[in-house]
>>> print(open('work10.txt').read())   # compact mmCIF, C-alpha atoms and all ligand atoms
# COMPACT_ATOMS: atom_id res chain seq x y z
CA MET A 268 13.89 7.82 26.42
CA THR A 269 12.33 4.51 25.41
CA ALA A 270 11.64 2.95 22.03
CA LEU A 271 8.06 4.15 22.23
CA THR A 272 8.77 7.69 23.44
CA HIS A 273 8.08 9.09 19.98
CA SER A 274 5.17 6.83 19.10
CA TRP A 275 1.42 7.30 19.41
CA LEU A 276 1.50 3.77 20.90
CA ASN A 277 2.79 5.31 24.10
CA ASN A 278 -0.67 6.65 24.87
CA ILE A 279 -2.67 3.56 23.93
CA ASP A 280 -4.11 1.02 26.37
CA LEU A 281 -2.57 -2.02 24.68
CA ALA A 282 -3.52 -4.34 27.54
CA HIS A 283 -7.18 -3.53 26.94
CA ILE A 284 -6.82 -4.10 23.19
CA ALA A 285 -5.04 -7.45 23.69
CA GLU A 286 -7.70 -8.57 26.18
CA GLU A 287 -10.58 -7.71 23.88
CA ALA A 288 -9.16 -8.52 20.42
CA GLY A 289 -6.48 -11.05 21.32
CA THR A 290 -3.10 -11.23 19.60
CA PRO A 291 -1.74 -11.03 16.97
CA VAL A 292 -3.49 -7.74 16.35
CA PHE A 293 -2.74 -4.83 14.05
CA VAL A 294 -3.38 -1.54 15.84
CA TYR A 295 -3.88 1.63 13.77
CA SER A 296 -4.03 5.29 14.76
CA GLU A 297 -6.51 7.61 13.08
CA ALA A 298 -4.70 10.62 14.59
CA GLN A 299 -1.40 9.58 13.00
CA PHE A 300 -3.02 9.04 9.60
CA ARG A 301 -4.60 12.49 9.72
CA LYS A 302 -1.30 14.00 10.85
CA ASN A 303 0.55 12.41 7.91
CA LEU A 304 -2.03 13.68 5.41
CA ASP A 305 -2.02 17.14 7.00
CA ARG A 306 1.77 17.28 6.74
CA ILE A 307 1.54 16.85 2.97
CA ARG A 308 -1.33 19.32 2.61
CA THR A 309 0.53 21.94 4.67
CA ALA A 310 3.61 21.45 2.48
CA ALA A 311 1.42 21.93 -0.62
CA VAL A 312 -0.03 25.17 0.79
CA GLU A 313 3.36 26.51 1.83
CA SER A 314 4.95 25.75 -1.52
CA GLY A 315 2.15 27.54 -3.39
CA LEU A 316 0.88 24.36 -5.06
CA ASP A 317 -2.18 23.74 -2.90
CA SER A 318 -4.95 24.08 -5.47
CA ARG A 319 -3.03 21.84 -7.89
CA VAL A 320 -2.15 18.95 -5.57
CA GLU A 321 -4.43 15.88 -5.37
CA LEU A 322 -3.58 12.80 -3.29
CA TYR A 323 -4.88 9.35 -4.21
CA ILE A 324 -3.92 6.88 -1.49
CA PRO A 325 -3.43 3.34 -2.87
CA PHE A 326 -5.90 0.87 -1.35
CA PHE A 327 -3.77 -2.28 -1.69
CA PRO A 328 -1.17 -1.38 0.99
CA ASN A 329 -3.84 -1.04 3.71
CA SER A 330 -7.21 -2.29 2.59
CA ASN A 331 -9.30 -1.46 5.61
CA PRO A 332 -12.00 1.10 4.70
CA HIS A 333 -12.28 2.14 8.36
CA VAL A 334 -8.61 3.12 8.46
CA LEU A 335 -9.05 5.18 5.30
CA GLU A 336 -12.27 6.87 6.44
CA PRO A 337 -10.55 10.28 6.98
CA LEU A 338 -10.07 10.52 3.20
CA LYS A 339 -13.82 11.00 2.82
CA ASP A 340 -13.82 14.44 4.43
CA MET A 341 -10.43 15.72 3.25
CA PRO A 342 -10.56 17.95 0.19
CA GLY A 343 -8.24 17.00 -2.65
CA THR A 344 -7.89 13.36 -1.60
CA GLY A 345 -9.23 10.07 -2.95
CA LEU A 346 -8.24 6.44 -3.42
CA LEU A 347 -6.22 4.54 -5.99
CA VAL A 348 -7.68 1.14 -6.82
CA GLN A 349 -6.35 -1.69 -8.98
CA LEU A 350 -9.09 -4.38 -8.78
CA PRO A 351 -12.86 -4.23 -9.38
CA SER A 352 -13.39 -5.94 -6.00
CA GLU A 353 -11.53 -3.10 -4.24
CA TYR A 354 -13.72 -0.55 -6.02
CA ARG A 355 -16.95 -2.35 -5.14
CA ILE A 356 -16.14 -2.67 -1.45
CA LEU A 357 -15.11 0.97 -1.22
CA ARG A 358 -18.32 2.09 -2.92
CA ARG A 359 -20.24 0.07 -0.33
CA PHE A 360 -18.37 2.00 2.37
CA GLY A 361 -19.35 5.32 0.79
CA PHE A 362 -16.11 6.38 -0.94
CA ASP A 363 -16.54 8.18 -4.26
CA ARG A 364 -13.26 9.70 -5.45
CA PHE A 365 -11.06 7.27 -7.33
CA ILE A 366 -8.36 6.84 -9.86
CA VAL A 367 -7.57 3.41 -11.29
CA SER A 368 -4.11 2.03 -11.99
CA PRO A 369 -4.72 -1.62 -12.82
CA GLY A 370 -1.41 -2.84 -14.28
CA HIS A 371 -1.99 -4.99 -17.36
CA VAL A 372 -5.61 -6.12 -17.70
CA SER A 373 -8.06 -7.75 -20.10
CA ASP A 374 -10.37 -5.89 -22.47
CA GLN A 375 -13.31 -6.92 -20.26
CA GLU A 376 -11.74 -5.28 -17.23
CA ILE A 377 -11.06 -2.06 -19.14
CA ASP A 378 -14.75 -2.12 -20.17
CA PHE A 379 -15.72 -2.46 -16.49
CA TRP A 380 -13.61 0.53 -15.45
CA ASP A 381 -15.02 2.57 -18.31
CA THR A 382 -18.53 2.11 -16.90
CA THR A 383 -17.35 3.83 -13.70
CA GLY A 384 -16.08 6.93 -15.52
CA HIS A 385 -12.98 7.26 -13.30
CA PRO A 386 -9.56 7.96 -14.82
CA VAL A 387 -7.86 4.66 -15.72
CA PHE A 388 -4.10 4.69 -16.23
CA LEU A 389 -3.58 2.12 -18.99
CA ALA A 390 -0.22 0.41 -19.16
CA SER A 391 0.32 -0.67 -22.79
CA LEU A 392 -0.42 0.51 -26.33
CA ASP A 393 -2.66 -2.55 -26.77
CA GLU A 394 -4.83 -1.51 -23.83
CA VAL A 395 -5.05 2.06 -25.11
CA ALA A 396 -6.03 0.80 -28.57
CA HIS A 397 -8.93 -1.15 -27.00
CA ALA A 398 -10.09 1.91 -25.03
CA LEU A 399 -10.00 3.99 -28.21
CA ARG A 400 -11.93 1.43 -30.25
CA THR A 401 -14.64 1.26 -27.57
CA ASN A 402 -14.87 5.03 -27.20
CA ALA A 403 -13.83 5.00 -23.52
CA PRO A 404 -15.09 8.08 -21.63
CA THR A 405 -11.60 9.12 -20.57
CA ILE A 406 -8.09 7.94 -21.44
CA SER A 407 -5.04 8.16 -19.21
CA VAL A 408 -1.76 6.25 -19.42
CA ARG A 409 0.96 5.00 -17.18
CA ILE A 410 4.46 5.59 -18.54
CA ASP A 411 7.37 3.46 -17.34
CA SER A 412 9.91 6.16 -16.55
CA LEU A 413 12.56 3.66 -15.62
CA ASP A 414 12.18 1.67 -18.84
CA SER A 415 11.99 -1.33 -16.53
CA GLY A 416 9.85 -4.44 -16.75
CA LYS A 417 7.08 -2.67 -14.80
CA PRO A 418 3.71 -2.21 -16.46
CA GLY A 419 3.77 1.03 -18.42
CA ILE A 420 4.18 2.45 -21.91
CA LYS A 421 7.87 2.76 -22.75
CA TYR A 422 9.56 5.97 -23.84
CA ALA A 423 10.18 4.54 -27.31
CA GLU A 424 6.41 3.97 -27.73
CA LEU A 425 5.31 7.54 -27.12
CA ASP A 426 5.24 8.57 -30.80
CA GLU A 427 3.00 5.60 -31.56
CA LEU A 428 0.72 6.56 -28.65
CA VAL A 429 0.41 10.10 -30.04
CA ARG A 430 -0.40 8.68 -33.48
CA LEU A 431 -3.09 6.36 -32.05
CA LEU A 432 -4.77 9.18 -30.13
CA LYS A 433 -4.72 11.38 -33.20
CA GLN A 434 -6.25 8.63 -35.32
CA TYR A 435 -9.29 8.62 -33.01
CA GLY A 436 -9.29 12.39 -32.41
CA ARG A 437 -8.78 11.91 -28.65
CA ASP A 438 -6.68 13.68 -25.99
CA LEU A 439 -5.09 12.15 -22.91
CA GLU A 440 -6.67 13.16 -19.59
CA GLY A 441 -3.61 12.32 -17.52
CA LEU A 442 -0.22 10.68 -17.54
CA GLU A 443 1.19 8.74 -14.61
CA VAL A 444 4.92 8.32 -14.20
CA TYR A 445 6.53 6.59 -11.23
CA CYS A 446 9.17 8.98 -9.87
CA GLY A 447 10.20 7.50 -6.54
CA SER A 448 11.23 3.97 -5.54
CA GLY A 449 14.41 4.62 -3.66
CA ASN A 450 15.50 7.55 -5.80
CA SER A 451 17.06 10.54 -4.07
CA LEU A 452 15.03 13.74 -4.09
CA GLU A 453 17.40 15.10 -6.71
CA ASP A 454 16.77 12.06 -8.94
CA MET A 455 13.03 12.42 -8.41
CA VAL A 456 13.12 16.05 -9.51
CA GLY A 457 15.10 14.93 -12.57
CA ILE A 458 12.28 12.49 -13.46
CA VAL A 459 9.67 15.20 -12.80
CA GLU A 460 11.39 17.37 -15.40
CA GLN A 461 11.48 14.46 -17.87
CA VAL A 462 7.75 14.03 -17.32
CA PHE A 463 7.13 17.73 -17.92
CA ASP A 464 9.16 17.40 -21.08
CA ILE A 465 6.98 14.46 -22.22
CA TYR A 466 3.90 16.50 -21.39
CA LEU A 467 5.07 19.51 -23.44
CA ARG A 468 6.34 17.49 -26.37
CA HIS A 469 3.64 14.84 -26.72
CA PHE A 470 0.53 15.61 -24.65
CA PRO A 471 0.22 19.38 -24.14
CA THR A 472 -3.57 19.11 -23.76
CA ALA A 473 -3.47 16.66 -20.81
CA GLN A 474 -5.22 17.87 -17.67
CA SER A 475 -3.00 16.24 -15.06
CA VAL A 476 0.38 14.73 -14.38
CA ASN A 477 0.47 11.91 -11.83
CA PHE A 478 3.81 11.35 -10.09
CA ALA A 479 2.60 8.09 -8.43
CA GLY A 480 4.31 6.71 -5.30
CA GLY A 481 7.73 5.72 -4.03
CA HIS A 482 8.22 8.58 -1.56
CA GLY A 483 10.90 7.41 0.83
CA PHE A 484 10.07 6.39 4.40
CA ASP A 485 12.89 5.54 6.81
CA TYR A 486 11.97 2.37 8.73
CA ASP A 487 15.15 2.56 10.83
CA ALA A 488 14.46 6.03 12.23
CA TRP A 489 12.57 6.46 15.51
CA GLU A 490 11.70 10.15 15.29
CA GLU A 491 8.76 11.18 13.15
CA SER A 492 10.64 14.08 11.59
CA GLU A 493 13.34 11.66 10.39
CA LYS A 494 11.02 8.97 9.09
CA HIS A 495 9.03 10.99 6.61
CA PHE A 496 9.58 12.17 3.07
CA ASP A 497 10.48 15.86 2.61
CA TRP A 498 7.29 16.99 0.86
CA GLN A 499 8.06 20.66 1.42
CA GLU A 500 11.29 20.53 -0.56
CA TYR A 501 9.77 18.25 -3.23
CA PHE A 502 6.78 20.53 -3.83
CA ILE A 503 8.95 23.64 -3.99
CA ARG A 504 11.18 21.97 -6.58
CA ILE A 505 8.16 20.82 -8.62
CA ARG A 506 6.72 24.34 -8.55
CA GLN A 507 10.03 25.83 -9.67
CA SER A 508 10.40 23.30 -12.51
CA ALA A 509 6.77 23.83 -13.60
CA GLU A 510 7.27 27.61 -13.70
CA ARG A 511 10.56 27.39 -15.54
CA MET A 512 9.15 24.95 -18.10
CA ASP A 513 5.87 26.85 -18.57
CA ILE A 514 3.54 24.05 -17.51
CA PRO A 515 0.07 25.65 -17.64
CA GLU A 516 -1.46 26.58 -14.27
CA HIS A 517 -4.57 24.44 -14.79
CA VAL A 518 -2.54 21.20 -14.95
CA LYS A 519 -3.12 19.25 -11.71
CA PHE A 520 -0.36 17.33 -9.94
CA LEU A 521 -1.43 13.95 -8.57
CA PHE A 522 0.49 11.84 -6.03
CA GLU A 523 -0.13 8.30 -4.79
CA PRO A 524 1.74 8.02 -1.48
CA ALA A 525 1.24 4.84 0.56
CA ARG A 526 4.19 4.18 2.88
CA ASP A 527 4.67 7.82 3.81
CA VAL A 528 1.07 8.27 4.96
CA LEU A 529 0.34 4.75 6.24
CA ALA A 530 3.46 2.99 7.54
CA ASP A 531 3.69 4.67 10.95
CA THR A 532 -0.08 4.55 11.50
CA GLY A 533 0.16 0.83 12.32
CA ALA A 534 1.83 -1.54 14.81
CA LEU A 535 1.58 -5.31 15.11
CA LEU A 536 1.14 -6.55 18.66
CA LEU A 537 2.30 -10.13 19.24
CA SER A 538 2.53 -12.33 22.31
CA VAL A 539 5.83 -13.84 23.37
CA GLU A 540 5.28 -17.56 23.90
CA ARG A 541 8.40 -18.59 25.86
CA ASP A 542 11.67 -17.30 27.24
CA VAL A 543 14.46 -16.91 24.67
CA ILE A 544 15.58 -20.34 23.44
CA SER A 545 19.37 -20.41 23.26
CA THR A 546 20.99 -23.25 21.36
CA PRO A 547 24.56 -23.70 20.15
CA VAL A 548 23.23 -22.65 16.72
CA SER A 549 21.14 -19.56 17.45
CA ASN A 550 18.92 -17.63 19.84
CA ILE A 551 15.23 -17.63 19.11
CA LEU A 552 12.32 -15.67 20.52
CA VAL A 553 9.09 -17.57 19.92
CA THR A 554 5.97 -15.48 19.24
CA ASN A 555 2.42 -16.20 18.15
CA GLY A 556 3.00 -14.21 14.95
CA CYS A 557 3.78 -15.53 11.52
CA ARG A 558 6.09 -14.45 8.75
CA MET A 559 3.03 -14.13 6.56
CA LEU A 560 1.47 -11.45 8.75
CA MET A 561 4.02 -9.01 7.40
CA PRO A 562 5.91 -10.56 4.51
CA SER A 563 6.92 -7.18 3.17
CA ALA A 564 9.56 -7.06 5.91
CA GLN A 565 11.13 -10.23 4.56
CA LEU A 566 10.63 -9.39 0.90
CA ARG A 567 12.25 -5.99 1.29
CA ASP A 568 14.83 -7.11 3.87
CA ARG A 569 13.38 -4.53 6.23
CA ASN A 570 14.08 -4.69 9.96
CA HIS A 571 11.23 -2.78 11.52
CA ASN A 572 11.79 -1.19 14.93
CA VAL A 573 10.49 -3.34 17.79
CA ALA A 574 9.44 -2.53 21.36
CA PHE A 575 9.19 -5.21 24.07
CA LEU A 576 6.50 -5.09 26.72
CA ASP A 577 6.06 -6.83 30.05
CA ALA A 578 2.94 -8.63 31.30
CA SER A 579 1.31 -5.29 32.15
CA MET A 580 2.25 -3.88 28.69
CA LYS A 581 4.85 -1.57 30.16
CA GLU A 582 7.87 -1.16 27.93
CA ILE A 583 10.93 -3.17 28.98
CA THR A 584 13.95 -0.93 28.65
CA SER A 585 16.81 -2.97 30.08
CA THR A 586 20.02 -2.32 28.18
CA VAL A 587 21.18 -5.88 28.82
CA THR A 588 20.08 -7.66 25.67
CA THR A 589 20.31 -10.94 23.76
CA SER A 590 20.38 -10.89 20.00
CA ALA A 591 17.69 -13.31 18.78
CA ALA A 592 15.65 -14.18 15.73
CA LEU A 593 11.88 -13.56 15.98
CA ARG A 594 10.16 -16.83 15.28
CA GLY A 595 6.57 -17.20 14.07
CA ARG A 596 4.22 -19.99 15.01
CA THR A 597 4.39 -22.37 12.06
CA ILE A 598 6.69 -25.27 11.25
CA LEU A 599 7.99 -23.52 8.16
CA ARG A 600 11.75 -23.26 8.26
CA ASN A 601 11.61 -19.63 7.15
CA ASP A 602 8.93 -18.51 9.57
CA TYR A 603 10.98 -15.63 10.93
CA ILE A 604 8.98 -12.43 11.18
CA LEU A 605 11.83 -10.00 10.54
CA PRO A 606 14.79 -10.63 8.25
CA GLY A 607 17.47 -9.97 10.91
CA ASP A 608 17.91 -10.55 14.64
CA VAL A 609 16.47 -8.17 17.21
CA LEU A 610 17.95 -7.15 20.55
CA VAL A 611 15.72 -8.75 23.18
CA PRO A 612 16.08 -7.00 26.54
CA GLU A 613 16.49 -8.93 29.75
CA GLY A 614 13.10 -9.58 31.35
CA VAL A 615 11.29 -10.61 28.17
CA GLY A 616 9.53 -13.91 28.74
CA ALA A 617 6.47 -16.02 28.23
CA ASP A 618 4.10 -13.44 29.73
CA GLY A 619 5.35 -10.60 27.53
CA HIS A 620 4.49 -8.96 24.26
CA LEU A 621 6.21 -7.11 21.49
CA ALA A 622 5.08 -4.38 19.15
CA ILE A 623 6.52 -4.26 15.65
CA LEU A 624 6.34 -0.66 14.47
CA ASP A 625 5.58 0.96 11.11
CA VAL A 626 3.44 -1.84 9.71
CA GLY A 627 0.55 0.28 8.45
CA ALA A 628 1.45 -0.34 4.79
CA TYR A 629 2.03 -3.64 2.93
CA CYS A 630 1.70 -5.88 6.00
CA ALA A 631 -1.85 -6.90 6.93
CA THR A 632 -2.81 -6.84 3.23
CA GLN A 633 -0.15 -9.33 2.24
CA HIS A 634 -1.22 -11.87 4.81
CA MET A 635 -2.33 -15.17 3.40
CA GLU A 636 -3.84 -18.15 5.17
CA PHE A 637 -0.36 -19.47 5.35
CA LEU A 638 -0.08 -23.05 6.62
CA ASN A 639 -3.55 -22.58 8.13
CA VAL A 640 -2.68 -19.57 10.33
CA PRO A 641 -5.80 -17.38 10.43
CA PRO A 642 -5.51 -13.62 9.82
CA ALA A 643 -4.84 -11.20 12.66
CA ALA A 644 -7.50 -8.88 14.07
CA GLU A 645 -7.35 -5.17 13.33
CA VAL A 646 -8.15 -2.40 15.82
CA LEU A 647 -8.43 1.28 14.99
CA VAL A 648 -7.79 3.85 17.69
CA ALA A 649 -10.06 6.77 16.78
CA ALA A 650 -8.92 10.38 17.03
CA ASP A 651 -10.68 10.67 20.43
CA GLY A 652 -8.61 7.73 21.75
CA SER A 653 -11.39 5.11 21.73
CA PRO A 654 -10.39 1.68 20.35
CA HIS A 655 -12.62 0.01 17.74
CA LEU A 656 -12.47 -3.52 16.38
CA ILE A 657 -12.42 -3.14 12.57
CA THR A 658 -11.49 -6.69 11.53
CA SER A 659 -12.40 -9.66 13.67
CA PRO A 660 -9.60 -12.09 14.43
CA GLY A 661 -9.68 -15.01 12.00
CA GLY A 662 -11.38 -18.12 13.35
CA GLU A 663 -9.34 -21.28 13.78
CA HIS A 664 -11.26 -22.88 10.92
CA ASP A 665 -10.95 -19.95 8.49
CA LYS A 666 -8.85 -22.00 6.12
CA TRP A 667 -11.75 -24.38 5.70
CA ARG A 668 -14.58 -21.85 5.54
CA ASN A 669 -15.51 -22.89 2.00
CA LEU A 670 -14.88 -26.58 2.52
CA LEU A 671 -17.91 -28.71 1.66
CA ALA A 672 -19.03 -31.33 4.17
CA GLU A 673 -19.57 -33.72 1.28
CA LYS A 674 -17.75 -33.74 -2.01
CA ARG A 675 -19.98 -32.55 -4.87
CA GLU A 676 -19.56 -33.79 -8.38
CA LEU A 677 -19.34 -30.95 -10.90
CA PRO A 678 -22.43 -30.61 -13.12
CA ALA A 679 -22.21 -32.79 -16.20
CA ARG A 680 -21.11 -31.02 -19.38
CA PRO A 681 -23.98 -30.29 -21.75
CA LEU A 682 -23.95 -32.79 -24.58
CA ARG A 683 -22.35 -31.39 -27.71
CA GLU A 684 -24.04 -31.79 -31.08
CA PRO A 685 -22.21 -34.61 -32.88
CA ALA A 686 -20.07 -33.22 -35.67
CA ALA A 687 -21.89 -33.35 -39.04
CA ALA A 688 -21.02 -36.56 -40.84
CA THR A 689 -18.88 -36.05 -43.86
CA HIS A 690 -19.80 -38.06 -46.87
CA GLY A 691 -16.85 -39.41 -48.65
CA ALA A 692 -16.91 -39.78 -52.45
C1 LIG A 701 1.03 2.62 -8.95
C2 LIG A 701 1.51 2.77 -7.55
N1 LIG A 701 1.22 3.91 -6.89
C3 LIG A 701 1.61 4.09 -5.62
C4 LIG A 701 2.34 3.15 -4.92
C5 LIG A 701 2.73 3.44 -3.51
O1 LIG A 701 4.08 3.58 -3.32
P1 LIG A 701 4.73 3.94 -1.90
O2 LIG A 701 4.28 2.93 -0.91
O3 LIG A 701 6.17 3.87 -2.18
O4 LIG A 701 4.25 5.30 -1.53
C6 LIG A 701 2.70 1.96 -5.57
C7 LIG A 701 3.48 0.93 -4.88
O5 LIG A 701 3.73 -0.14 -5.32
C8 LIG A 701 2.26 1.75 -6.92
O6 LIG A 701 2.56 0.63 -7.59
>>> encode(input="work10.txt", output="structure tokens", more="lines below")
Ligand SMILES: Cc1ncc(COP(=O)(O)O)c(C=O)c1O
Amino acid sequence: MTALTHSWLNNIDLAHIAEEAGTPVFVYSEAQFRKNLDRIRTAAVESGLDSRVELYIPFFPNSNPHVLEPLKDMPGTGLLVQLPSEYRILRRFGFDRFIVSPGHVSDQEIDFWDTTGHPVFLASLDEVAHALRTNAPTISVRIDSLDSGKPGIKYAELDELVRLLKQYGRDLEGLEVYCGSGNSLEDMVGIVEQVFDIYLRHFPTAQSVNFAGGHGFDYDAWEESEKHFDWQEYFIRIRQSAERMDIPEHVKFLFEPARDVLADTGALLLSVERDVISTPVSNILVTNGCRMLMPSAQLRDRNHNVAFLDASMKEITSTVTTSAALRGRTILRNDYILPGDVLVPEGVGADGHLAILDVGAYCATQHMEFLNVPPAAEVLVAADGSPHLITSPGGEHDKWRNLLAEKRELPARPLREPAAATHGA
């Protein structure tokens, strides 16, 4: 068994992809994305919740419309957007089912979303008050279940929210409550019941309850069955709680999974630039990657699984290893791609490659033009196995693409009317 035995990468011609698209390159699998969505849908059917479950996949963790294309033809699925620019680009690519969860935003942005008619989960009483004053077509709210600093209406504000809605004679369409984020399944079910309680007590006319994201994904596991969230058990428990608490059958249950459906659809292929550098201080493997290609690993202290490949892209499986830090290509002191060392097998050298697994969520989208490193290319392997370039590799001058050849003075300010003279006594 090798590191890639369980991965769709095992059947991909990585040499061809590296030749055509270069490295670094993010490689995504359509088949894996469909499989992950189907797993959730099957769990919904088997738990008896099928007609009530809707999935809205957040766009910010993987913002490539080509990767998300399967959502167009899957019933009961859509996209979660947070920025007008995301919405506009997705409309251009033909997507039409959305919910909006924008965090805290200006009145003008709420007005924009209201022109689209999609449910907007507003995050403060102030924002709701604006939507009510402007007769917004639909009103939904985000409730901060953890009473944390996250955007969201706090538990202690719910009575005031009810009063505001009543004042304008309006009902909530939906309420969104974040249930996951590292909670155990038992804790999540506890929050689900709290949400049902809020629904019954405060908003019994709402049409949907949105349980948001935070469904656990195990980055350390190799086997698919161990990586993914237990949707089957979760749905069964939600159904049981809904029955016991008499939540009406027409109330829809929305979910916003990102990691669980996207993480293992992507791998980052990097080139190894030299043999391991061993110094009295540390061992370093130099790559052509960059910490900023996947900062979520560093931010979350997440050591993704890694597979090493030889010059012909065959996996190197030697059990003789050197523990080394994975270095990116910039001068930055912290340009280490993963937070901890990796075990580099004997035989890895300047003609080799490595694949960092489970980078389909929160990696390519967090890349910045960091210290002038251009963005990586993206390749999508279609369900029939054919590879497609979906994002060109950044050009070496990307950082300067808006640089003007000549400096241009800003237009002069229009002259202001002189202030009216005041006549003293
Ligand atoms: C509002 C909202 N929905 C969904 C998600 C996705 O969460 P996850 O990647 O844990 O599935 C996030 C993550 O930040 C979020 O903020």
>>> residues_near_ligand(input="work10.txt", ligand="ligand LIG 701 (chain A)", cutoff="9 Å", atoms="all atoms listed in the file", output="PDB file with C-alpha atoms, in the frame of the given file")
ATOM      1  CA  TYR A 323      -4.880   9.350  -4.210  1.00  0.00           C
ATOM      2  CA  ILE A 324      -3.920   6.880  -1.490  1.00  0.00           C
ATOM      3  CA  PRO A 325      -3.430   3.340  -2.870  1.00  0.00           C
ATOM      4  CA  PHE A 327      -3.770  -2.280  -1.690  1.00  0.00           C
ATOM      5  CA  PRO A 328      -1.170  -1.380   0.990  1.00  0.00           C
ATOM      6  CA  LEU A 347      -6.220   4.540  -5.990  1.00  0.00           C
ATOM      7  CA  GLN A 349      -6.350  -1.690  -8.980  1.00  0.00           C
ATOM      8  CA  VAL A 367      -7.570   3.410 -11.290  1.00  0.00           C
ATOM      9  CA  SER A 368      -4.110   2.030 -11.990  1.00  0.00           C
ATOM     10  CA  PRO A 369      -4.720  -1.620 -12.820  1.00  0.00           C
ATOM     11  CA  GLY A 370      -1.410  -2.840 -14.280  1.00  0.00           C
ATOM     12  CA  ARG A 409       0.960   5.000 -17.180  1.00  0.00           C
ATOM     13  CA  GLU A 443       1.190   8.740 -14.610  1.00  0.00           C
ATOM     14  CA  VAL A 444       4.920   8.320 -14.200  1.00  0.00           C
ATOM     15  CA  TYR A 445       6.530   6.590 -11.230  1.00  0.00           C
ATOM     16  CA  GLY A 447      10.200   7.500  -6.540  1.00  0.00           C
ATOM     17  CA  SER A 448      11.230   3.970  -5.540  1.00  0.00           C
ATOM     18  CA  GLY A 449      14.410   4.620  -3.660  1.00  0.00           C
ATOM     19  CA  PHE A 478       3.810  11.350 -10.090  1.00  0.00           C
ATOM     20  CA  ALA A 479       2.600   8.090  -8.430  1.00  0.00           C
ATOM     21  CA  GLY A 480       4.310   6.710  -5.300  1.00  0.00           C
ATOM     22  CA  GLY A 481       7.730   5.720  -4.030  1.00  0.00           C
ATOM     23  CA  HIS A 482       8.220   8.580  -1.560  1.00  0.00           C
ATOM     24  CA  GLY A 483      10.900   7.410   0.830  1.00  0.00           C
ATOM     25  CA  PHE A 484      10.070   6.390   4.400  1.00  0.00           C
ATOM     26  CA  PHE A 522       0.490  11.840  -6.030  1.00  0.00           C
ATOM     27  CA  GLU A 523      -0.130   8.300  -4.790  1.00  0.00           C
ATOM     28  CA  PRO A 524       1.740   8.020  -1.480  1.00  0.00           C
ATOM     29  CA  ALA A 525       1.240   4.840   0.560  1.00  0.00           C
ATOM     30  CA  ARG A 526       4.190   4.180   2.880  1.00  0.00           C
ATOM     31  CA  ASP A 527       4.670   7.820   3.810  1.00  0.00           C
ATOM     32  CA  VAL A 528       1.070   8.270   4.960  1.00  0.00           C
ATOM     33  CA  LEU A 529       0.340   4.750   6.240  1.00  0.00           C
ATOM     34  CA  ALA A 530       3.460   2.990   7.540  1.00  0.00           C
ATOM     35  CA  ALA A 628       1.450  -0.340   4.790  1.00  0.00           C
ATOM     36  CA  TYR A 629       2.030  -3.640   2.930  1.00  0.00           C
TER      37      TYR A 629
END
>>> closest_residue(input="work10.txt", among="A:Pro515, A:Pro471, A:Gly457, A:Pro386", to="Val429 (chain A)", atoms="only C-alpha atoms")
A:Pro471
>>> axis_aligned_box(input="work10.txt", around="region 430-441 of chain A", padding_each_side="5 Å", output="AutoDock Vina command-line options")
--center_x -4.8 --center_y 10.0 --center_z -26.4 --size_x 18.9 --size_y 17.3 --size_z 27.8
>>> residues_around(input="work10.txt", residues="region 577-592 of chain A", least_positions_apart="3", cutoff="9 Å", atoms="all atoms listed in the file", output="VMD selection string")
chain A and resid 269 to 271 280 to 282 543 to 545 549 to 553 574 603 to 621
>>> residues_around(input="work10.txt", residues="Phe463 (chain A)", least_positions_apart="3", cutoff="8 Å", atoms="only C-alpha atoms", output="list in words")
Val459, Glu460, Tyr466, Leu467, Ala509, Met512 and Ile514 of chain A
>>> atom_distance(input="work10.txt", atom1="CA of Ala311 (chain A)", atom2="CA of Phe496 (chain A)")
13.2 Å
>>> atom_distance(input="work10.txt", atom1="CA of Ser407 (chain A)", atom2="CA of Asp363 (chain A)")
18.9 Å
>>> atom_distance(input="work10.txt", atom1="CA of Pro642 (chain A)", atom2="CA of Arg541 (chain A)")
21.8 Å
>>> closest_residue(input="work10.txt", among="A:Trp489, A:Asp625, A:Phe575, A:Leu560", to="Gly595 (chain A)", atoms="all atoms listed in the file")
A:Leu560
>>> residues_around(input="work10.txt", residues="Leu425 (chain A)", least_positions_apart="3", cutoff="10 Å", atoms="all atoms listed in the file", output="tab-separated table (two decimals) with C-alpha atoms, in the coordinates of the input")
chain	number	residue	atom	x	y	z
A	392	LEU	CA	-0.42	0.51	-26.33
A	410	ILE	CA	4.46	5.59	-18.54
A	420	ILE	CA	4.18	2.45	-21.91
A	421	LYS	CA	7.87	2.76	-22.75
A	422	TYR	CA	9.56	5.97	-23.84
A	428	LEU	CA	0.72	6.56	-28.65
A	429	VAL	CA	0.41	10.10	-30.04
A	430	ARG	CA	-0.40	8.68	-33.48
A	431	LEU	CA	-3.09	6.36	-32.05
A	465	ILE	CA	6.98	14.46	-22.22
A	469	HIS	CA	3.64	14.84	-26.72
A	470	PHE	CA	0.53	15.61	-24.65
>>> residues_around(input="work10.txt", residues="region 634-641 of chain A", least_positions_apart="5", cutoff="8 Å", atoms="all atoms listed in the file", output="PyMOL selection string")
chain A and resi 557+559-562+597+660-666
>>> residues_around(input="work10.txt", residues="Leu624 (chain A)", least_positions_apart="2", cutoff="6 Å", atoms="all atoms listed in the file", output="list of chain:residue names")
A:Ala534, A:Asn572, A:Val573, A:Val626
>>> residues_near_point(input="work10.txt", point="(-7.0, 4.0, 25.2)", cutoff="7 Å", atoms="only C-alpha atoms", output="short mmCIF file (atom, residue, chain, number, x, y, z; two decimals) with C-alpha atoms, in the coordinates of the input")
data_model
loop_
_atom_site.label_atom_id
_atom_site.label_comp_id
_atom_site.auth_asym_id
_atom_site.auth_seq_id
_atom_site.Cartn_x
_atom_site.Cartn_y
_atom_site.Cartn_z
CA ASN A 278 -0.67 6.65 24.87
CA ILE A 279 -2.67 3.56 23.93
CA ASP A 280 -4.11 1.02 26.37
CA GLY A 652 -8.61 7.73 21.75
CA SER A 653 -11.39 5.11 21.73
CA PRO A 654 -10.39 1.68 20.35
#
